[in-house]
Amino acid sequence: MRRRAVTAFLLVAASGHPLVAGASDTPAAPARPATAVRARGPIAIDGRLDDEAWALATPIADLHQREPDEGQPATERTEVRFAYDDDALYVGARMFDPEPDKIVRRLSRRDAEVSSDLVRVFLDPHHDHQTGVMLTVSAAGSQGDAWLSNDFDRDESWDGVWDAAVTVDAEGWTAELRIPFSQLRFSPGDHQTWGLNVSRLIQRRHEEDWWALVPRNDERLTSAFGHLDGLDGIRPRRHLELLPYATTSVERLGTAQAGDPFNGTNRFAGGAGLDLKWGLTSSFTLDGTINPDFGQVEVDPAVVNLTAFETFFEEKRPFFLEGAQQFDNFGRGGLVLYGRFGARYPTLWYSRRIGRAPHLTADGDFVSQPAATTILGAAKLTGRTAGGWSMSLVNAVTDREQAHVATGGVRGATEVEPLTNYAAARVSREFGGRASVGLLATAVNRQLRTSELRDAVADGAYVGGADGHVFLNGKKTWVLSGSLAGSRATGDAAAIVALQRSSARYYQRPDATHVRLDPAATSLSGWTGQVNVNRTRGNLLVDGALWAISPGFESNDVGYSPEADRVGVHTGWLWQKTTPDRWSRDRSAVFIGRWLWNTAGDTLVNGYSVQGAVTFRNYWSLSGNADIDLPHLDDRATRGGALMRRPGGYYAGVYLSSDGRKPVEVGLGTAYSANAAGGWYAEVSPEVIVRPSPSLTVSVGPSFSRSRAVAQYVTAVTDPTAVATYGQRTVFSDLDRTEVSMVTRLNVIFTPRASLELYAQPLLSSGRYWSLKEFARPRTFEFARYGTDVGTIAYDGVAQAYTIDPDGAGPAAPFLVEAPDFNYRSLRVNAVFRWEWRLGSTLYAVWTQQREDVARIGEFRLRRDLRAMVGAPSDSVFMLKLAYWISR
């Protein structure tokens with residue numbers, strides 16, 4: 001296996017000869033820098049460029065198209081001027097347009113993608129060609145911003161406090177921006193030169209114009225900026241921003257039971273907290289939060305997960321989103337293809353662990369179980385040293401949580417989550433934009449006071465690693481990158497046994513020769529590493545990777561690593577052509593080969609994929625992909641039992657979408673997969689987006705899927721007579737599933753600073769299990785059906801359970817299996833009103849409702865299940881949150 005993995009990787013690396021001509025070696029930067037002038041008087045941010053400073057400033061105007069006709073001059077003239085005073089940078093932009101009545105002025109909430117004319121200003125105040133900010137203003141006055149890092153990454157969770165205004169007149173439209181220096185990071189110096197770029201979008205023409213043009217097949221950004229000169233006599237500020245907030249909420253519990261002493265019909269709550277941002281130096285900022293509240297964050301979607309692995313949910317909380325890319329970039333320096341080819345690299349930093357649901361669940365007649373862990377406080381220190389090291393330090397503390405229990409009239413409390421400290425550190429340094437090195441470390445420490453907690457979780461979990469990249473040629477076309485990390489978890493023997501037996505590794509597998517379960521171990525250690533070779537520019541992009549995760553690697557305390565004991569190789573080839581032809585505006589094709597083994601050499605994946613995408617001349621787009629998986633082994637299917645052999649199969653999917661500039665946008669996705677054993681999956685997912693007015697957007701995305709699984713895991717029963725399967729009978733079943741859902745969003749934008757967002761997701765899911773059977777022999781896909789091939793089976797409709805005698809009159813003991821059939825009905829609704837009533841200060845009004853019903857039926861009936869969903873008990877929460885911004 002090791003020889004095959006290395007050989008496959010070397011074949012990818014040896015293919016380094018550029019097969020097609022790429023973009024120009026270096027994007028053409030403007031010949032002359034932009035120049036800012038010092039304002040002699042105040043500049044009113046009203047969208048009118050009638051202040052004295054704008055008459056004195058020299059504009060930049062030579063923009064060129066990036067889309068649709070790359071490199072051609074912009075069809076309309078754009079003039080952008082820059083001015084400054086001691087406190088702020090000012091931008092005045094004039095977007096000429098001979099048809100001002102056709103300017104698209106669609107309102108949007110902050111940072112949302114919008115079908116509108118807009119102008120973007122990119123700044124690199126450190127002038128390091130790697131970091132910066134992006135500021136967006138639409139023709140309707142909506143704002144967006146993002147923090148730029150690693151040359152091409154955008155972190156849109158950053159919300160700077162800056163002001164903008166727009167006007168429309170007979171010549172087109174204008175935008176005026178004021179960006180306080182307190183919101184930017186730059187080094188001291190009497191004479192400043194910053195990186196700069198400007199882009200404009202003319203929506204009705206789908207035209208994107210840039211001042212410093214970056215070709216579409218070159219994914220660099222900040223390193224291609226032009227320059228902004230003339231910033232003299234400005235000083236970085238040690239600013240302090242405070243954002244105290246207060247909340248009040250009422251929760252109505254439709255699920256409360258009669259006699260429940262903890263959960264009444266209504267529950268009232270209130271709270272207060274503080275966010276702060278303190279500029280310690282010109283390059284370092286401290287962010288902190290005390291008793292944070294994230295009630296304004298959209299709820300997670302409902303899912304039905306029948307696997308042994310947890311569902312991954314994206315981070316949505318602003319405090320943890322901002323700056324997270326510093327951690328996310330571990331191991332991917334210089335890689336623009338990262339994530340396109342489906343590698344299963346572990347995530348070392350997954351901030352959703354902070355504030356997670358408690359590890360333990362209490363039992364009793366009545367239980368008040370906390371749904372999440374309380375975050376007492378968190379802090380982040382981010383910045384860049386004079387020597388060029390970027391640093392990010394995060395620390396968070398979550399409170400001890402208790403579940404209150406009442407049984408037989410006696411009340412008590414059970415600790416279900418310990419006091420926990422989470423810490424992470426990331427440092428990295430770029431060397432002339434041609435190489436980088438970095439370090440990352442995380443630590444989780446828990447104060448375990450009860451034996452139940454000591455048996456359940458590790459008291460300490462630590463991960464440390466190093467990464468880096470180097471460009472292999474002067475044109476920065478090929479890049480070599482890699483990372484290596486180690487982990488160690490410590491705790492009582494029971495907690496370490498739980499880690500060994502988890503779905504990530506299954507040390508208890510009876511036929512595994514390379515791992516073994518150690519019931520006396522009090523620690524678990526492992527490592528993970530990867531090396532990538534990429535061609536990152538041109539019409540042909542290439543990705544090759546060799547990566548491995550040792551059986552004992554564990555990062556799930558503050559990371560996400562669903563599988564250990566893996567060695568993988570993949571190669572990906574992406575061809576793209578961005579120049580229009582007779583039929584299309586751009587087109588691309590991808591070929592992927594992927595192979596996966598465990599560290600014993602068992603082949604777990606042997607697959608190939610082809611993908612393609614095209615944008616037609618009318619801006620409709622079509623994409624599709626086809627996958628083929630050859631027969632392979634599976635060391636997770638029996639969930640700790642013997643290896644199973646999976647049949648080969650295929651997958652095909654197609655997605656068609658219409659022109660996104662139109663008031664009505666439609667899309668249709670279809671997918672179908674099947675395997676050689678008779679299993680299949682089919683899905684249809686249409687989508688309609690309607691924009692009846694500039695301030696209203698409605699999107700509806702129903703989804704319908706049906707599937708048949710021929711080997712769905714049910715349970716495992718220990719039986720010494722099951723000699724062929726190492727003393728364990730693993731029960732599987734055929735499973736017919738039907739699922740219907742519909743994600744609906746309604747956005748009403750009253751003004752650029754006031755909006756209402758509604759999210760609703762009904763979900764109906766059913767599963768009918770039939771023909772229970774047991775796994776027959778290791779390394780096969782063979783089963784023995786109860787009542788037909790072996791033994792007997794009887795169903796008790798009252799108990800909703802099967803009695804199975806696996807060998808009839810033989811010595812094996814009969815056992816019970818609860819009927820796993822299910823009908824899951826869920827409705828989740830979330831409405832958020834947001835009003836920035838003064839600059840940086842916000843009022844939120846949030847309403848959330850969740851309805852949920854579960855029944856053991858198995859048969860899908862739309863009307864019945866809809867009635868059950870609507871009639872299900874509901875939990876509703878209404879919350880008000882008021883935040884007041886203070887800046888000094």
# chains A, B, ... in the order shown; residues from 1 in each chain; ligands from 1

call {"tool": "residues_around", "arguments": {"residues": "Lys662 of chain A", "least_positions_apart": "4", "cutoff": "9 Å", "atoms": "only C-alpha atoms", "output": "list in words"}}
result
Ser115, Arg204, Ser658, Val690 and Arg691 of chain A

call {"tool": "write_last_selection", "arguments": {"atoms": "N, CA and C atoms", "output": "PDB file, in the first residue's frame"}}
result
ATOM      1  N   SER A 115     -27.643  41.554  -6.355  1.00  0.00           N
ATOM      2  CA  SER A 115     -27.662  41.866  -7.785  1.00  0.00           C
ATOM      3  C   SER A 115     -27.850  43.366  -7.947  1.00  0.00           C
ATOM      4  N   ARG A 204     -26.349  45.238 -15.044  1.00  0.00           N
ATOM      5  CA  ARG A 204     -27.195  44.874 -16.183  1.00  0.00           C
ATOM      6  C   ARG A 204     -26.372  44.312 -17.339  1.00  0.00           C
ATOM      7  N   SER A 658     -30.476  29.940 -14.067  1.00  0.00           N
ATOM      8  CA  SER A 658     -30.736  31.019 -15.019  1.00  0.00           C
ATOM      9  C   SER A 658     -29.908  32.253 -14.674  1.00  0.00           C
ATOM     10  N   VAL A 690     -37.184  35.178  -6.337  1.00  0.00           N
ATOM     11  CA  VAL A 690     -38.005  36.248  -6.902  1.00  0.00           C
ATOM     12  C   VAL A 690     -37.624  37.556  -6.230  1.00  0.00           C
ATOM     13  N   ARG A 691     -37.397  38.580  -7.061  1.00  0.00           N
ATOM     14  CA  ARG A 691     -37.064  39.912  -6.567  1.00  0.00           C
ATOM     15  C   ARG A 691     -38.102  40.889  -7.114  1.00  0.00           C
TER      16      ARG A 691
END

call {"tool": "select_by_dssp", "arguments": {"residues": "segment 19-169 of chain A", "states": "helix (DSSP H, G or I)", "output": "ChimeraX atom specification"}}
result
/A:52-56,100-102

call {"tool": "write_last_selection", "arguments": {"atoms": "N, CA and C atoms", "output": "PDB file, in the first residue's frame"}}
result
ATOM      1  N   GLU A  52     -14.330  70.584  -1.217  1.00  0.00           N
ATOM      2  CA  GLU A  52     -13.123  71.136  -1.825  1.00  0.00           C
ATOM      3  C   GLU A  52     -12.086  70.058  -2.111  1.00  0.00           C
ATOM      4  N   ALA A  53     -11.981  69.076  -1.213  1.00  0.00           N
ATOM      5  CA  ALA A  53     -10.948  68.052  -1.367  1.00  0.00           C
ATOM      6  C   ALA A  53     -11.098  67.293  -2.681  1.00  0.00           C
ATOM      7  N   TRP A  54     -12.321  67.067  -3.137  1.00  0.00           N
ATOM      8  CA  TRP A  54     -12.514  66.296  -4.359  1.00  0.00           C
ATOM      9  C   TRP A  54     -12.071  67.082  -5.581  1.00  0.00           C
ATOM     10  N   ALA A  55     -12.149  68.399  -5.530  1.00  0.00           N
ATOM     11  CA  ALA A  55     -11.661  69.213  -6.649  1.00  0.00           C
ATOM     12  C   ALA A  55     -10.139  69.207  -6.719  1.00  0.00           C
ATOM     13  N   LEU A  56      -9.476  69.014  -5.562  1.00  0.00           N
ATOM     14  CA  LEU A  56      -8.010  69.011  -5.530  1.00  0.00           C
ATOM     15  C   LEU A  56      -7.415  67.648  -5.839  1.00  0.00           C
ATOM     16  N   PRO A 100     -28.861  56.415 -16.518  1.00  0.00           N
ATOM     17  CA  PRO A 100     -28.985  56.298 -15.051  1.00  0.00           C
ATOM     18  C   PRO A 100     -30.262  55.620 -14.596  1.00  0.00           C
ATOM     19  N   ASP A 101     -31.298  55.640 -15.431  1.00  0.00           N
ATOM     20  CA  ASP A 101     -32.528  54.970 -15.034  1.00  0.00           C
ATOM     21  C   ASP A 101     -32.396  53.445 -15.078  1.00  0.00           C
ATOM     22  N   LYS A 102     -31.311  52.939 -15.682  1.00  0.00           N
ATOM     23  CA  LYS A 102     -31.083  51.503 -15.750  1.00  0.00           C
ATOM     24  C   LYS A 102     -30.065  51.014 -14.727  1.00  0.00           C
TER      25      LYS A 102
END

call {"tool": "residues_around", "arguments": {"residues": "Leu228 of chain A", "least_positions_apart": "4", "cutoff": "10 Å", "atoms": "only C-alpha atoms", "output": "ChimeraX atom specification"}}
result
/A:32-36,82,123-125,127,192-197

call {"tool": "write_last_selection", "arguments": {"atoms": "N, CA, C and O atoms", "output": "CSV table (one decimal), in the first residue's frame"}}
result
chain,number,residue,atom,x,y,z
A,32,ARG,N,0.9,54.2,-13.0
A,32,ARG,CA,1.0,55.3,-12.0
A,32,ARG,C,0.2,55.0,-10.7
A,32,ARG,O,-0.9,54.5,-10.8
A,33,PRO,N,0.8,55.3,-9.6
A,33,PRO,CA,0.0,55.1,-8.4
A,33,PRO,C,-1.1,56.1,-8.2
A,33,PRO,O,-1.0,57.2,-8.8
A,34,ALA,N,-2.1,55.8,-7.4
A,34,ALA,CA,-3.1,56.8,-7.0
A,34,ALA,C,-2.5,57.7,-5.9
A,34,ALA,O,-1.6,57.2,-5.2
A,35,THR,N,-2.9,58.9,-5.9
A,35,THR,CA,-2.4,59.9,-4.9
A,35,THR,C,-3.5,60.4,-4.1
A,35,THR,O,-4.6,60.9,-4.6
A,36,ALA,N,-3.4,60.4,-2.7
A,36,ALA,CA,-4.4,61.0,-1.8
A,36,ALA,C,-3.9,62.4,-1.5
A,36,ALA,O,-2.7,62.7,-1.3
A,82,PHE,N,-9.1,60.1,-3.8
A,82,PHE,CA,-8.8,59.8,-2.4
A,82,PHE,C,-8.3,61.1,-1.7
A,82,PHE,O,-7.5,61.9,-2.2
A,123,LEU,N,-7.8,47.8,0.1
A,123,LEU,CA,-6.7,48.5,0.7
A,123,LEU,C,-5.8,47.5,1.4
A,123,LEU,O,-6.2,46.5,2.0
A,124,ASP,N,-4.5,47.7,1.2
A,124,ASP,CA,-3.4,47.0,1.9
A,124,ASP,C,-2.6,47.9,2.7
A,124,ASP,O,-1.5,48.3,2.3
A,125,PRO,N,-3.1,48.4,3.9
A,125,PRO,CA,-2.4,49.4,4.6
A,125,PRO,C,-1.0,49.0,5.1
A,125,PRO,O,-0.1,49.8,5.2
A,127,HIS,N,0.9,47.2,3.4
A,127,HIS,CA,1.7,47.1,2.1
A,127,HIS,C,2.6,45.8,2.2
A,127,HIS,O,3.7,45.8,1.7
A,192,GLN,N,3.5,57.3,3.9
A,192,GLN,CA,2.8,56.0,3.8
A,192,GLN,C,2.6,55.7,2.3
A,192,GLN,O,2.2,56.5,1.5
A,193,THR,N,2.8,54.4,1.9
A,193,THR,CA,2.4,53.8,0.7
A,193,THR,C,1.6,52.6,1.0
A,193,THR,O,2.1,51.7,1.6
A,194,TRP,N,0.4,52.6,0.5
A,194,TRP,CA,-0.5,51.4,0.7
A,194,TRP,C,-0.8,50.7,-0.6
A,194,TRP,O,-0.7,51.3,-1.7
A,195,GLY,N,-1.1,49.4,-0.5
A,195,GLY,CA,-1.6,48.7,-1.6
A,195,GLY,C,-3.1,49.1,-1.9
A,195,GLY,O,-3.8,49.5,-1.0
A,196,LEU,N,-3.5,49.2,-3.2
A,196,LEU,CA,-4.8,49.7,-3.6
A,196,LEU,C,-5.3,49.0,-4.8
A,196,LEU,O,-4.5,48.7,-5.7
A,197,ASN,N,-6.6,48.7,-4.8
A,197,ASN,CA,-7.3,48.3,-6.0
A,197,ASN,C,-8.7,48.8,-5.9
A,197,ASN,O,-9.2,49.1,-4.8

call {"tool": "residues_around", "arguments": {"residues": "Ala868 of chain A", "least_positions_apart": "3", "cutoff": "12 Å", "atoms": "only C-alpha atoms", "output": "PyMOL selection string"}}
result
chain A and resi 762-764+823-827+851-855+860-865+871-874

call {"tool": "closest_residue", "arguments": {"among": "A:Pro631, A:Pro30, A:Pro551, A:Gly640", "to": "Asn598 of chain A", "atoms": "only C-alpha atoms"}}
result
A:Pro551

call {"tool": "residues_around", "arguments": {"residues": "Thr571 of chain A", "least_positions_apart": "4", "cutoff": "6 Å", "atoms": "only C-alpha atoms", "output": "JSON list (two decimals) with C-alpha atoms, in the first residue's frame"}}
result
[["chain", "number", "residue", "atom", "x", "y", "z"],
["A", 543, "ASP", "CA", -3.45, 19.41, -7.51],
["A", 544, "GLY", "CA", -1.66, 16.37, -6.15],
["A", 592, "ILE", "CA", -10.09, 13.70, -10.12],
["A", 593, "GLY", "CA", -8.56, 10.42, -9.07]]

call {"tool": "select_by_dssp", "arguments": {"residues": "segment 362-476 of chain A", "states": "strand (DSSP E)", "output": "ChimeraX atom specification"}}
result
/A:366-368,375-384,389-398,401-407,410-417,419-431,435-447,460-471

call {"tool": "write_last_selection", "arguments": {"atoms": "C-alpha atoms", "output": "PDB file, in the first residue's frame"}}
result
ATOM      1  CA  PHE A 366     -38.662  15.240  34.500  1.00  0.00           C
ATOM      2  CA  VAL A 367     -35.387  16.722  33.286  1.00  0.00           C
ATOM      3  CA  SER A 368     -34.276  20.279  32.605  1.00  0.00           C
ATOM      4  CA  ILE A 375     -19.593  30.773  27.404  1.00  0.00           C
ATOM      5  CA  LEU A 376     -18.338  32.871  30.307  1.00  0.00           C
ATOM      6  CA  GLY A 377     -15.907  34.839  28.181  1.00  0.00           C
ATOM      7  CA  ALA A 378     -13.481  34.711  25.287  1.00  0.00           C
ATOM      8  CA  ALA A 379     -10.554  36.761  24.021  1.00  0.00           C
ATOM      9  CA  LYS A 380      -8.554  37.017  20.799  1.00  0.00           C
ATOM     10  CA  LEU A 381      -5.203  38.685  20.193  1.00  0.00           C
ATOM     11  CA  THR A 382      -4.372  39.203  16.513  1.00  0.00           C
ATOM     12  CA  GLY A 383      -1.711  41.146  14.722  1.00  0.00           C
ATOM     13  CA  ARG A 384       1.588  41.230  12.906  1.00  0.00           C
ATOM     14  CA  TRP A 389       5.093  37.200  11.914  1.00  0.00           C
ATOM     15  CA  SER A 390       1.287  37.065  11.874  1.00  0.00           C
ATOM     16  CA  MET A 391      -0.169  35.939  15.200  1.00  0.00           C
ATOM     17  CA  SER A 392      -3.580  34.887  16.425  1.00  0.00           C
ATOM     18  CA  LEU A 393      -4.282  33.745  19.979  1.00  0.00           C
ATOM     19  CA  VAL A 394      -7.720  32.631  21.182  1.00  0.00           C
ATOM     20  CA  ASN A 395      -8.893  31.650  24.642  1.00  0.00           C
ATOM     21  CA  ALA A 396     -12.408  30.849  25.839  1.00  0.00           C
ATOM     22  CA  VAL A 397     -13.897  29.560  29.087  1.00  0.00           C
ATOM     23  CA  THR A 398     -17.203  27.704  29.293  1.00  0.00           C
ATOM     24  CA  GLU A 401     -23.451  22.924  33.426  1.00  0.00           C
ATOM     25  CA  GLN A 402     -26.017  21.007  35.467  1.00  0.00           C
ATOM     26  CA  ALA A 403     -29.197  19.219  34.485  1.00  0.00           C
ATOM     27  CA  HIS A 404     -32.008  19.382  37.032  1.00  0.00           C
ATOM     28  CA  VAL A 405     -33.878  16.138  37.605  1.00  0.00           C
ATOM     29  CA  ALA A 406     -37.118  15.237  39.383  1.00  0.00           C
ATOM     30  CA  THR A 407     -37.977  11.562  39.974  1.00  0.00           C
ATOM     31  CA  VAL A 410     -37.437  14.067  44.631  1.00  0.00           C
ATOM     32  CA  ARG A 411     -35.361  16.741  42.956  1.00  0.00           C
ATOM     33  CA  GLY A 412     -31.658  16.718  42.267  1.00  0.00           C
ATOM     34  CA  ALA A 413     -28.965  18.034  39.965  1.00  0.00           C
ATOM     35  CA  THR A 414     -26.454  16.208  37.790  1.00  0.00           C
ATOM     36  CA  GLU A 415     -23.333  17.814  36.364  1.00  0.00           C
ATOM     37  CA  VAL A 416     -23.399  17.176  32.622  1.00  0.00           C
ATOM     38  CA  GLU A 417     -20.529  19.381  31.441  1.00  0.00           C
ATOM     39  CA  LEU A 419     -15.742  23.838  33.534  1.00  0.00           C
ATOM     40  CA  THR A 420     -13.571  23.949  30.407  1.00  0.00           C
ATOM     41  CA  ASN A 421     -10.849  26.164  28.976  1.00  0.00           C
ATOM     42  CA  TYR A 422     -10.194  26.250  25.239  1.00  0.00           C
ATOM     43  CA  ALA A 423      -7.004  27.808  23.867  1.00  0.00           C
ATOM     44  CA  ALA A 424      -5.489  28.083  20.402  1.00  0.00           C
ATOM     45  CA  ALA A 425      -2.456  29.842  18.965  1.00  0.00           C
ATOM     46  CA  ARG A 426      -1.411  30.382  15.369  1.00  0.00           C
ATOM     47  CA  VAL A 427       1.746  32.090  14.090  1.00  0.00           C
ATOM     48  CA  SER A 428       2.957  32.281  10.509  1.00  0.00           C
ATOM     49  CA  ARG A 429       5.370  34.240   8.400  1.00  0.00           C
ATOM     50  CA  GLU A 430       5.596  34.977   4.688  1.00  0.00           C
ATOM     51  CA  PHE A 431       8.997  35.291   3.022  1.00  0.00           C
ATOM     52  CA  ALA A 435       7.422  30.892   0.943  1.00  0.00           C
ATOM     53  CA  SER A 436       5.890  30.670   4.390  1.00  0.00           C
ATOM     54  CA  VAL A 437       6.233  28.778   7.649  1.00  0.00           C
ATOM     55  CA  GLY A 438       3.714  28.504  10.464  1.00  0.00           C
ATOM     56  CA  LEU A 439       2.872  26.879  13.762  1.00  0.00           C
ATOM     57  CA  LEU A 440      -0.471  25.987  15.339  1.00  0.00           C
ATOM     58  CA  ALA A 441      -1.303  24.708  18.812  1.00  0.00           C
ATOM     59  CA  THR A 442      -4.570  24.008  20.634  1.00  0.00           C
ATOM     60  CA  ALA A 443      -5.292  22.952  24.192  1.00  0.00           C
ATOM     61  CA  VAL A 444      -8.466  21.898  25.997  1.00  0.00           C
ATOM     62  CA  ASN A 445      -8.434  21.501  29.777  1.00  0.00           C
ATOM     63  CA  ARG A 446     -11.410  20.319  31.792  1.00  0.00           C
ATOM     64  CA  GLN A 447     -12.092  20.317  35.520  1.00  0.00           C
ATOM     65  CA  GLY A 460      -6.759  17.324  28.673  1.00  0.00           C
ATOM     66  CA  ALA A 461      -6.426  17.366  24.865  1.00  0.00           C
ATOM     67  CA  TYR A 462      -3.533  18.951  22.994  1.00  0.00           C
ATOM     68  CA  VAL A 463      -2.629  19.388  19.335  1.00  0.00           C
ATOM     69  CA  GLY A 464       0.463  21.021  17.861  1.00  0.00           C
ATOM     70  CA  GLY A 465       1.705  21.298  14.310  1.00  0.00           C
ATOM     71  CA  ALA A 466       3.820  23.105  11.723  1.00  0.00           C
ATOM     72  CA  ASP A 467       3.097  23.968   8.109  1.00  0.00           C
ATOM     73  CA  GLY A 468       4.604  25.856   5.209  1.00  0.00           C
ATOM     74  CA  HIS A 469       4.790  26.351   1.495  1.00  0.00           C
ATOM     75  CA  VAL A 470       7.329  27.338  -1.142  1.00  0.00           C
ATOM     76  CA  PHE A 471       6.853  28.318  -4.761  1.00  0.00           C
TER      77      PHE A 471
END

call {"tool": "closest_residue", "arguments": {"among": "A:Ala246, A:Tyr650, A:Gly230, A:His129", "to": "Gly433 of chain A", "atoms": "only C-alpha atoms"}}
result
A:His129

call {"tool": "closest_atom_pairs", "arguments": {"of": "segment 585-618 of chain A", "to": "segment 62-70 of chain A", "cutoff": "10 Å", "atoms": "only C-alpha atoms", "output": "Markdown table"}}
result
| residue | atom | partner | partner_atom | distance |
| --- | --- | --- | --- | --- |
| A:Arg585 | CA | A:Pro68 | CA | 7.1 |
| A:Asp586 | CA | A:Pro68 | CA | 9.1 |
| A:Arg617 | CA | A:Pro68 | CA | 9.7 |

call {"tool": "atom_distance", "arguments": {"atom1": "atom CA of Ser523 of chain A", "atom2": "atom CA of Pro510 of chain A"}}
result
21.8 Å
